[in-house]
Structure formats: C-alpha cells, structure tokens
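Chemist: This is the structure I have questions about; it appears just below.
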4 protein chains.
Amino acid sequence: MPTRIDLNCDMGESFGVYKLGRDKEVMDYISSANIACGWHAGDPLVMEETVRLAKEKGVAVGAHPGYPDLLGFGRRRMDLSPSEMEAYLLYQMGALSAFAKAYGLQLQHVKAHGALGNLAFVDLETSKTIARAAARFSKEIVFVALAGSVMVQAAKEVGVRYVEEVYADRVYNPDGTLQSRKIAGSVIHDPEKAAKQALTIVQEGYVVAHDGTKVKVKPDTLCVHGDTPGAIAILQKIREELKKASIAVKPMGQ
Amino acid sequence: MPTRIDLNCDMGESFGVYKLGRDKEVMDYISSANIACGWHAGDPLVMEETVRLAKEKGVAVGAHPGYPDLLGFGRRRMDLSPSEMEAYLLYQMGALSAFAKAYGLQLQHVKAHGALGNLAFVDLETSKTIARAAARFSKEIVFVALAGSVMVQAAKEVGVRYVEEVYADRVYNPDGTLQSRKIAGSVIHDPEKAAKQALTIVQEGYVVAHDGTKVKVKPDTLCVHGDTPGAIAILQKIREELKKASIAVKPMGQ
Amino acid sequence: MPTRIDLNCDMGESFGVYKLGRDKEVMDYISSANIACGWHAGDPLVMEETVRLAKEKGVAVGAHPGYPDLLGFGRRRMDLSPSEMEAYLLYQMGALSAFAKAYGLQLQHVKAHGALGNLAFVDLETSKTIARAAARFSKEIVFVALAGSVMVQAAKEVGVRYVEEVYADRVYNPDGTLQSRKIAGSVIHDPEKAAKQALTIVQEGYVVAHDGTKVKVKPDTLCVHGDTPGAIAILQKIREELKKASIAVKPMGQ
Amino acid sequence: MPTRIDLNCDMGESFGVYKLGRDKEVMDYISSANIACGWHAGDPLVMEETVRLAKEKGVAVGAHPGYPDLLGFGRRRMDLSPSEMEAYLLYQMGALSAFAKAYGLQLQHVKAHGALGNLAFVDLETSKTIARAAARFSKEIVFVALAGSVMVQAAKEVGVRYVEEVYADRVYNPDGTLQSRKIAGSVIHDPEKAAKQALTIVQEGYVVAHDGTKVKVKPDTLCVHGDTPGAIAILQKIREELKKASIAVKPMGQ
C-alpha cells in the first residue's frame with residue numbers, strides 16, 4: 001500500500017507587471033513547484049520570488065521550460081529541430097538553477113510546458129530530446145513523464161532519472177492519454193471528484209477514463225492545476241483525503 | 001617578475017542566422033572566453049557551440065551578461081533597479097552554466113557587457129550589484145573588475161573573488177579610465193602598439209595614458225577585442241611577445 | 001466658457017494570456033483611447049480588439065507607444081538616440097494604424113507612454129523627437145502635450161498638430177509638473193476630488209497644486225487612469241459633473 | 001508578347017548590429033523590395049533605411065511579414081490560429097507602412113516570408129488568411145501569390161488584388177511547386193541558367209521543371225534571392241537578357 005505521493009503544480013507564470021496564478025496560496029499545498037523559466041512565461045524577478053517562496057514553504061523546485069513564445073504562452077507548437085529544443089531546454093534549466101543555487105537549493109525536476117509538453121506525451125523523439133537535455137544538465141535531475149506514455153520509454157532509452165505523473169484534475173481517455181482540453185469538461189473543477197480521482201490513482205493504481213475504463217498507472221507525482229478557479233479548494237480537498245488515508249505528500253526527488 | 005597572465009575576449013555574439021565575430025580563430029589565442037548569454041547577443045545554440053569550442057581549445061568559460069536589449073546589442077543604458085539587475089545577471093549566468101555543465105566545465109568568471117559594463121566602471125552601486133550576483137551564484141566564480149576602478153572596491157565590499165583587468169587595445173585616460181570610444185583612435189588597431197601596451201602592463205605594471213602619464217595597474221587579465229578588423233593579428237602579436245618574455249597565458253581562475 | 005473637453009485613457013495593455021485594465025468598462029466613459037502598440041504592452045490581437053471596441057463605442061483611437069521593454073512595461077528609461085526613438089515611434093504608430101484602417105478609422109493622436117512620456121514632460125529634445133515622428137506619420141495626427149510643458153514648445157517648433165493635456169487624477173506641483181508617483185498620494189483615488197479637479201481645469205482654466213497654487217492651464221484633453229482601483233467610479237463622477245456643467249465630451253481631434 | 005515584368009527581392013533583413021544581405025547593391029537591379037517588418041528580421045532603423053534606399057532608387061516597397069520568431073528567422077512553422085496570423089500580418093504591414101508614408105510612398109505589396117510563405121504555397125486556409133489581412137489593410141495592396149498555387153485561388157476567393165510570382169533562381173517540380181531547398185541544387189547559382197529560366201518564364205510563359213516538364217505559368221513578377229553568393233551576378237545577367245529582349249522591369253503594382 002503506497003504511503004506517499006508528490007503533488008506538483010505550475011508556478012511562477014507571472015511576467016513583469018502581469019500577474020497570473022495564486023502562487024502564494026498554492027505553495028501551501030504542494031510538494032513540487034514547476035517554475036516557468038522566462039521563455040513562455042516568468043521573468044527573473046518572478047523566478048527569484050517563486051524560488052524564495054518555495055524554499056520558505058519547503059517545496060522542491062523544478063524547471064518548467066517551454067517554447068520561445070511569450071506571445072502565445074508556449075501553447076502553440078513550433079517546428080524546432082532536436083538540437084534547437086535541447087539547447088533551449090538546457091538554457092532554461094540553467095537559468096532557473098541560478099536562483100535555486102542562490103537559495104541553497106538544487107533543481108529537483110524538469111517538466112515540459114504547454115504545447116511542448118503535449119507533443120512529448122505522444123512523440124517519442126520529442127520526449128527523448130527533453131530527457132537528453134535533462135540528462136546533460138545533471139545526473140540528479142528528475143524527468144517528469146506522463147504515466148504510461150512514450151515519455152517513460154524515452155526516459156529509459158536515454159537513461160535519466162524519471163517519475164511517472166498522473167493528473168488529478170484532468171479527464172482521461174481509455175488509452176491513458178489526456179482528453180483534449182478542447183472538449184468541454186476535460187478539466188475537473190469539482191474538489192470531490194478531483195480528490196476521489198487522486199485517491200484512486202494513489203491507492204488503487206488506476207485512473208477511471210471517461211468511458212469507465214480503468215487505466216492502470218504507476219503514480220509518483222500528481223499534477224493539479226493552480227490557475228483554475230477552484231484550484232485552492234481542490235488542493236485542500238486532495239490534501240485532506242490523502243491525510244485521512246495516511247498518505248504523506250513529499251517531493252518526488254526524495 | 002610576473003610569469004603569467006590571462007587573455008580574455010568576448011565570444012558567442014552571433015544570434016540565429018546572424019553571424020558576428022571570428023570566434024573559431026580567436027579561440028586559439030585566448031585563455032578565457034566571455035560568452036554572451038542571449039539577452040543582448042547570443043542564443044542557446046550559439047552558447048552551446050561556443051562552450052564546446054572553448055572546451056576543445058582548453059579555454060575557460062565565463063558569462064558576459066548584458067541588458068535585455070537585443071535590438072541595441074546591450075549598448076544602451078537602461079534604468080534598472082538593483083534587484084532587477086541582480087536577477088537578470090543570475091538568470092544569464094545560470095543559463096550559460098547549463099552549457100558549461102553539459103561539457104563538464106564550470107563558469108570561471110563573469111564580466112558585464114556594453115553599457116552595463118561601462119556603468120560599472122564608474123558607478124559603485126552598479127559594480128556592487130554585479131559583484132553580489134556573482135557571489136550569490138557561487139563562491140568560486142571570479143568577478144572581472146576594471147583595474148583600479150570602483151569595481152575593485154565593490155568586489156572587496158561584497159566579498160567576492162575578483163581579478164583586475166586591463167585593456168591591451170584601448171587608449172587610457174590619465175586617471176585610469178578608458179578613453180571614450182566616441183573619440184577617434186580610442187581602440188588600438190596596430191598589432192605592434194597593442195602588443196607593446198600588453199607587455200608594459202604585464203611586465204612593468206603600468207599603462208601609458210594618452211598624455212604619457214604612467215597609470216599603475218595590477219593586471220590579472222588582459223582584454224582584447226575579437227571583433228575589430230585586425231583582431232587576429234593583434235592577438236598573434238601579443239602572444240608572440242608574451243612568449244618571448246616567458247610569460248605564460250593561463251585562465252584567470254587557475 | 002468652454003463647452004467641450006476630451007477624456008483620454010490608456011487602453012489595450014493586456015498581452016497574450018495576461019489581462020490588464022478594464023478596457024470594456026472604461027471605454028463607455030472616454031472619448032479618446034491611447035492604445036499600447038506591442039512594445040511595452042499590448043499585442044496584435046489585443047490591439048485589434050481594442051480598436052474594434054473603440055469603434056463600437058464611438059471612441060477615437062490613438063497610439064500609446066513606449067520603449068522596447070515589455071519586461072519593464074516601458075517604465076524604465078533607456079538611452080536611445082533621437083533617430084532610434086523616432087523610428088521606434090513610427091513603427092508603433094504604423095502598427096496600430098493598420099488596425100484602425102481595418103476598422104475604417106484613422107489614428108487620431110499619439111501620446112508617449114511611461115518613462116518615455118515622463119522624459120518628454122521635461123526634456124525638449126525628447127519632446128521634439130516624438131513631435132517629429134508624429135509629423136512624419138501624418139499631417140492630421142494630434143500630438144498630445146502636457147499642458148504648459150516643453151512638449152508644447154516642441155510641438156510648435158516642429159510644426160505638428162497638438163493638444164494640451166491635464167491630468168484629472170494626478171496631484172500637481174506649483175510649477176505645473178506632476179508630483180512624482182513615488183510620493184504617496186500623488187494619484188487621486190477619490191471620485192469627488194478628481195471630478196472637482198476636472199471641472200476646475202475645464203471651467204476655470206487652472207489646476208490647484210498641492211500647496212494651493214493655482215497653475216493656469218489650457219486644457220484640450222483630460223487624462224484619467226483606467227487601471228486604478230476606483231477608475232470607473234472616478235470616470236462616472238467626472239462625466240456626471242461635466243454633464244451638469246453642460247460640457248460635452250468629444251474626441252480631441254474633432 | 002509580354003513587354004514588361006517585375007523583379008522582386010527580399011530586403012531589410014539586418015537587425016541591430018547584425019548585418020545581412022547586400023541591399024544597397026541589389027536595390028539597383030530590382031523593381032520591388034520585400035521588406036522584413038521586425039518580427040523574424042529587420043528593425044525600425046533598418047526598415048527606415050531600406051525604405052529610404054528604395055525611394056532613392058525608384059523601387060516599390062512591400063511588406064515581407066513572418067512568424068514572431070527572430071531566433072529562427074521565421075523559418076520554423078508555428079501553429080497559429082487564423083485570427084492570430086491575420087492580426088500579426090496587419091501589425092507588420094502597418095509598421096512598415098509608417099516608413100513608407102514618411103517617405104511619401106505606399107505599400108505596394110505583401111509577400112509572406114519563410115515558413116509562413118512555404119505553408120501558404122500549399123495550404124489554402126493559410127493563403128486566405130494572408131489574402132484577408134491584405135484586403136483588410138487596403139484595396140490597393142497587391143498580394144503576391146506563387147504562380148498556379150492555392151494562393152491564386154485564395155486571392156480570388158477573398159477578393160484581393162494579386163500578382164503571380166515565379167522564381168528565377170529556384171528549381172521547379174513538375175507539378176509547379178518549388179523543389180525543397182533540402183535537396184542539393186534547388187537554388188540556381190549559375191547566372192546564365194537563372195537568366196535563361198527568367199527569360200523563358202517571361203517570354204514563353206512556362207518554367208522547365210527538373211524532369212524537363214514545361215510548367216505553364218502566368219508571371220507578373222520574378223523573384224530572385226538577394227542573399228546568395230552570386231546574387232548580384234544573377235541579377236545583372238537577368239537584367240541584361242531582359243533588356244536585349246526589350247522587356248522593361250517595372251513594379252508589379254503599376
């Protein structure tokens with residue numbers, strides 16, 4: 001019976017005068033923060049403040065790199081060569097690592113953002129590029145792979161530390177992929193539902209797809225969105241249920 | 001009698017399809033490369049290639065951070081707060097450090113670029129901001145200070161490793177500052193002259209200002225521009241004269 | 001006795017996923033919109049939507065160009081040459097004009113944003129650069145000058161259409177300059193106070209400085225901030241008072 | 001028998017300190033300049049200088065808009081929505097038009113750059129988006145369509161002025177598409193060959209594909225690359241041959 005899980009959330013997505021997300025509140029509920037690195041969101045001041053806050057709250061920090069597309073928040077696919085992508089990822093991980101170092105921390109993990117992340121879910125080559133960048137960055141860094149996807153295969157082929165990730169607040173397809181956000185209802189906003197999905201994932205090792213199929217998963221970390229309207233309520237409920245079930249919330253890298 | 005000196009040069013200033021400088025050739029003559037970090041020049045692919053080349057040639061790598069102004073090549077002063085500047089510098093050092101790590105190297109030094117560097121020459125607060133960013137980045141990194149300037153004072157006040165730098169191919173004012181580039185003839189293009197200035201600096205410990213004044217300097221590293229028409233000829237001549245004088249060329253951080 | 005005035009407000013400052021301001025509500029109260037042009041804020045989609053909305057509401061559109069500094073929202077001074085600044089302003093006015101054309105409108109005015117605007121308030125050369133860019137853009141465009149400042153002199157010297165602008169919700173110094181925002185209380189948040197200042201400006205032709213001095217002004221347009229907490233309340237109150245006084249609110253260019 | 005043709009070439013692709021192309025020389029041989037608008041290349045100073053030069057040489061100016069990807073020179077496809085693309089194109093056309101206006105000129109044409117242009121060659125929706133942006137910009141502007149491609153269909157469906165373009169220095173496939181640059185030899189560097197292809201296109205109304213197939217074309221404008229090593233020699237030879245054949249070189253919009 002599993003006794004621990006990691007909770008990760010995207011953080012540090014503000015930019016200059018523009019504020020996004022509720023980082024300060026969300027940080028109280030998670031164990032790992034995926035921090036934007038200034039290419040699709042975030043800027044050095046935001047990165048510094050987010051790392052400082054994570055340290056204060058005992059949350060582990062990871063890089064959340066994306067496409068060079070601030071205008072599109074990294075949500076638009078770009079046709080990059082593997083060497084371009086690999087260099088862009090190293091750059092972003094490195095940039096964030098300076099703030100981690102300044103606060104006596106290390107980058108725990110790397111998780112691709114937006115359209116790049118979505119592409120990695122289904123494209124082995126992209127997954128391997130991200131895994132390679134992670135492996136080149138350090139031996140300790142953890143590559144976050146969508147549970148059961150080609151990302152796991154990529155991690156194994158490249159030879160990088162990895163964890164498998166399941167979404168607590170996303171609807172799944174029977175084949176284990178995430179239902180497209182373009183379909184209404186793909187993001188779960190009901191705290192009860194999300195908490196139940198979270199608990200089933202951790203305790204039972206499966207997630208129930210939209211047609212009822214039980215998709216087996218091996219969860220190391222649960223992702224919850226921090227920018228949805230009810231994010232805090234969802235996070236509270238998940239923490240509450242995990243506590244009741246005596247499942248500790250701890251950073252994925254420990 | 002000094003038996004060694006460092007030679008540093010700005011590198012990695014190309015961007016995307018745009019080529020600048022003669023990095024490949026210059027790298028044969030220097031011991032430390034100041035590598036642009038993508039904010040005023042350079043991009044991740046250029047950074048990776050420059051680090052790779054430096055490693056191949058046994059040249060130590062350092063960060064050459066600048067203002068967020070690609071359009072102006074970092075040559076236009078921006079009114080940034082110390083906390084903005086400090087975060088921007090950490091970001092850039094971190095970004096470059098990822099490529100250094102990927103090639104098994106460490107960032108040896110940091111040297112501010114363009115208008116930021118010029119401001120640091122004369123402004124203690126700016127110098128301290130850069131020194132502070134360096135100190136926060138690591139204990140080992142070397143802060144490059146213009147010899148005899150407020151940068152040296154800043155390094156001491158902040159408590160960061162530093163070296164003093166003298167320019168081999170720039171004309172000096174009697175007060176030890178660099179003659180403005182706006183004055184014709186401020187950059188020395190004659191290899192004989194530059195080599196003579198380099199040797200006097202290293203062997204005699206002074207640089208002759210434009211009015212004949214001997215300005216005392218304590219040189220740890222000599223800067224030579226790599227983008228002037230006769231850069232290679234100047235570098236060759238300097239190396240030749242240093243060799244004759246049995247002065248070894250070695251990275252500043254060793 | 002004046003029977004009309006223009007009300008202008010900064011608009012279109014959102015960027016990508018980042019939302020700023022309450023454009024939709026504010027647009028109901030103003031006659032001229034200063035629209036960001038994508039360099040310090042705004043993007044093409046935001047510009048299009050803002051122009052569309054202005055047309056729908058019968059509000060005249062103008063350019064609100066700024067420094068190339070999205071990271072700093074154009075609030076940090078940059079040392080640009082006059083030719084750089086002039087070209088940057090033409091670029092931004094042109095960019096916005098395409099959306100105006102697409103909706104059958106013309107750019108009515110140009111008003112510099114942030115640190116550039118602040119510099120223009122006190123620096124004749126900067127004011128002339130902006131005036132020159134406006135004059136080169138078209139004969140019809142109106143250059144918005146801070147009432148009584150060097151901007152008015154610049155407009156006359158360059159020979160460009162201009163209007164004089166007074167702030168309804170900013171505290172004035174006795175010399176007719178704006179009290180620095182760094183001083184607490186420099187922005188008026190009380191609707192009564194702002195409306196009274198607006199009315200005094202329009203009806204009496206002066207603004208009362210913080211020490212009671214009556215500063216004579218020749219107002220063509222009143223500026224009100226749209227991003228302060230009570231912006232809507234202030235705008236409502238100003239419109240109410242202007243209506244009582246039978247002063248029509250009409251675009252400055254008519 | 002045709003007595004005139006237009007010659008167009010990409011211009012204004014320098015950026016900041018970075019120089020690209022030989023605009024000053026090329027401008028002597030062409031009748032229409034496709035000017036980069038600052039998103040994938042070019043900047044306001046470069047745009048101004050390119051427009052000034054075009055005016056001096058009697059060359060008509062057009063916009064050469066691209067993806068928001070300076071880092072990739074607009075050569076990497078991005079998944080943009082039609083409304084994003086349309087707004088980005090309007091923005092870029094508008095920006096350039098300000099410089100045209102400042103020099104008493106009008107934008108004659110618009111031609112998409114790089115990966116966007118390549119996509120338009122084969123994708124009707126993309127072609128229609130560009131055509132729509134052109135039509136919204138003005139009634140006079142000419143949309144440059146690859147001869148015989150879906151771009152011609154798009155122009156007709158949208159109802160925009162258009163011309164058909166044939167490449168003088170590119171190898172054609174038998175179906176009228178351009179042979180991919182990834183295949184060696186796809187760009188013609190031999191002045192004799194390019195001039196012969198140009199003349200055949202203009203006088204005979206066909207282009208000979210790599211397998212000998214005669215592809216019928218209705219050429220209004222010939223494109224020649226200005227950044228290839230032998231660009232000037234090719235342009236000289238084409239002009240010489242056109243002159244011999246009494247074919248005048250005139251802007252497409254006249």
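Chain identifiers are assigned as A, B, and so on, following the order in which chains appear in the structure tokens; residues are numbered from 1 within each chain, and ligands are numbered from 1 in order of appearance.
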Could you list, with a cut-off of 6 Å and counting only C-alpha atoms, the residues of chain A near chain B, each shown with its nearest atom pair and the distance in Å rounded to one decimal, rows sorted by chain and ascending number, as JSON lines?
Modeler:
```
{"residue": "A:Pro44", "atom": "CA", "partner": "B:Ala87", "partner_atom": "CA", "distance": 5.2}
{"residue": "A:Leu45", "atom": "CA", "partner": "B:Ala87", "partner_atom": "CA", "distance": 5.8}
{"residue": "A:Ala87", "atom": "CA", "partner": "B:Pro44", "partner_atom": "CA", "distance": 5.2}
{"residue": "A:Tyr88", "atom": "CA", "partner": "B:Pro44", "partner_atom": "CA", "distance": 5.7}
{"residue": "A:Leu90", "atom": "CA", "partner": "B:Ala98", "partner_atom": "CA", "distance": 5.7}
{"residue": "A:Tyr91", "atom": "CA", "partner": "B:Ala95", "partner_atom": "CA", "distance": 4.5}
{"residue": "A:Gly94", "atom": "CA", "partner": "B:Ala95", "partner_atom": "CA", "distance": 4.2}
{"residue": "A:Ala95", "atom": "CA", "partner": "B:Ala95", "partner_atom": "CA", "distance": 4.0}
{"residue": "A:Ala98", "atom": "CA", "partner": "B:Gly94", "partner_atom": "CA", "distance": 4.5}
{"residue": "A:Ala102", "atom": "CA", "partner": "B:Arg136", "partner_atom": "CA", "distance": 5.1}
{"residue": "A:Arg136", "atom": "CA", "partner": "B:Ala102", "partner_atom": "CA", "distance": 5.0}
{"residue": "A:Phe137", "atom": "CA", "partner": "B:Ala102", "partner_atom": "CA", "distance": 5.7}
```
Chemist: Please provide the set of residues having any atom within 9 Å of Gly159 (chain B), restricted to only C-alpha atoms, with same-chain residues fewer than 4 positions apart removed, written as a ChimeraX atom specification.
Modeler: /B:131-132,135,154-155
Chemist: As an exercise, work out the distance from CA of Gly253 (chain C) to CA of Gln108 (chain C) in Å and give it to one decimal place.
Modeler: 6.0 Å
Chemist: Considering only strand (DSSP E) as DSSP defines it on the backbone, what residues of region 31-85 of chain B qualify? List them as a PyMOL selection string.
Modeler: chain B and resi 32-36+60-64
Chemist: So that I can see what lies close to region 200-210 of chain B, please list as a PDB file with C-alpha atoms, in the first residue's frame the residues with an atom at most 6 Å from it, counting only C-alpha atoms and leaving out residues fewer than 6 positions away in the same chain.
Modeler:
```
ATOM      1  CA  TYR B 172      43.629  55.081 -21.365  1.00  0.00           C
ATOM      2  CA  ASN B 173      42.940  58.419 -19.702  1.00  0.00           C
ATOM      3  CA  PRO B 174      45.469  59.668 -17.124  1.00  0.00           C
ATOM      4  CA  LYS B 216      49.845  51.966 -12.261  1.00  0.00           C
ATOM      5  CA  VAL B 217      47.828  48.754 -12.747  1.00  0.00           C
ATOM      6  CA  LYS B 218      47.811  45.296 -11.191  1.00  0.00           C
TER       7      LYS B 218
END
```
Chemist: Skipping near chain neighbours, those fewer than 5 positions away, what residues fall within 10 Å of Leu71 (chain C) using only C-alpha atoms, listed as a PyMOL selection string?
Modeler: (chain A and resi 15-18+42-44) or (chain B and resi 68) or (chain C and resi 39-41+76)
Chemist: What is the distance, in Å and to one decimal place, between CA of Thr228 (chain D) and CA of Tyr167 (chain D)?
Modeler: 13.8 Å
Chemist: Give me, as a list in words, all polymer residues having an atom no more than 8 Å from Ser186 (chain A), counting only C-alpha atoms and skipping those fewer than 5 positions away in the same chain.
Modeler: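 In the requested format, the answer is Arg170, Val171, Gln179, Ser180 and Arg181 of chain A.
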Chemist: Name the residues in contact with region 19-26 of chain D at a cut-off of 9 Å, using only C-alpha atoms, excluding same-chain residues fewer than 4 positions from it; report them as an MDAnalysis selection string.
Modeler: (chainID B and resid 17:20) or (chainID D and resid 9:15 30 50 53 226:228 231:232 235)
Chemist: Identify, on the basis of only C-alpha atoms, every residue whose closest approach to Lys250 (chain C) does not exceed 7 Å; exclude the query and any residue fewer than 4 positions from it along the same chain; express the result as a PyMOL selection string.
Modeler: chain C and resi 4-6+31
Chemist: Quick one: DSSP helix (DSSP H, G or I) residues in region 119-233 of chain C, as a PyMOL selection string?
Modeler: chain C and resi 119-122+124-137+150-158+191-204+231-233
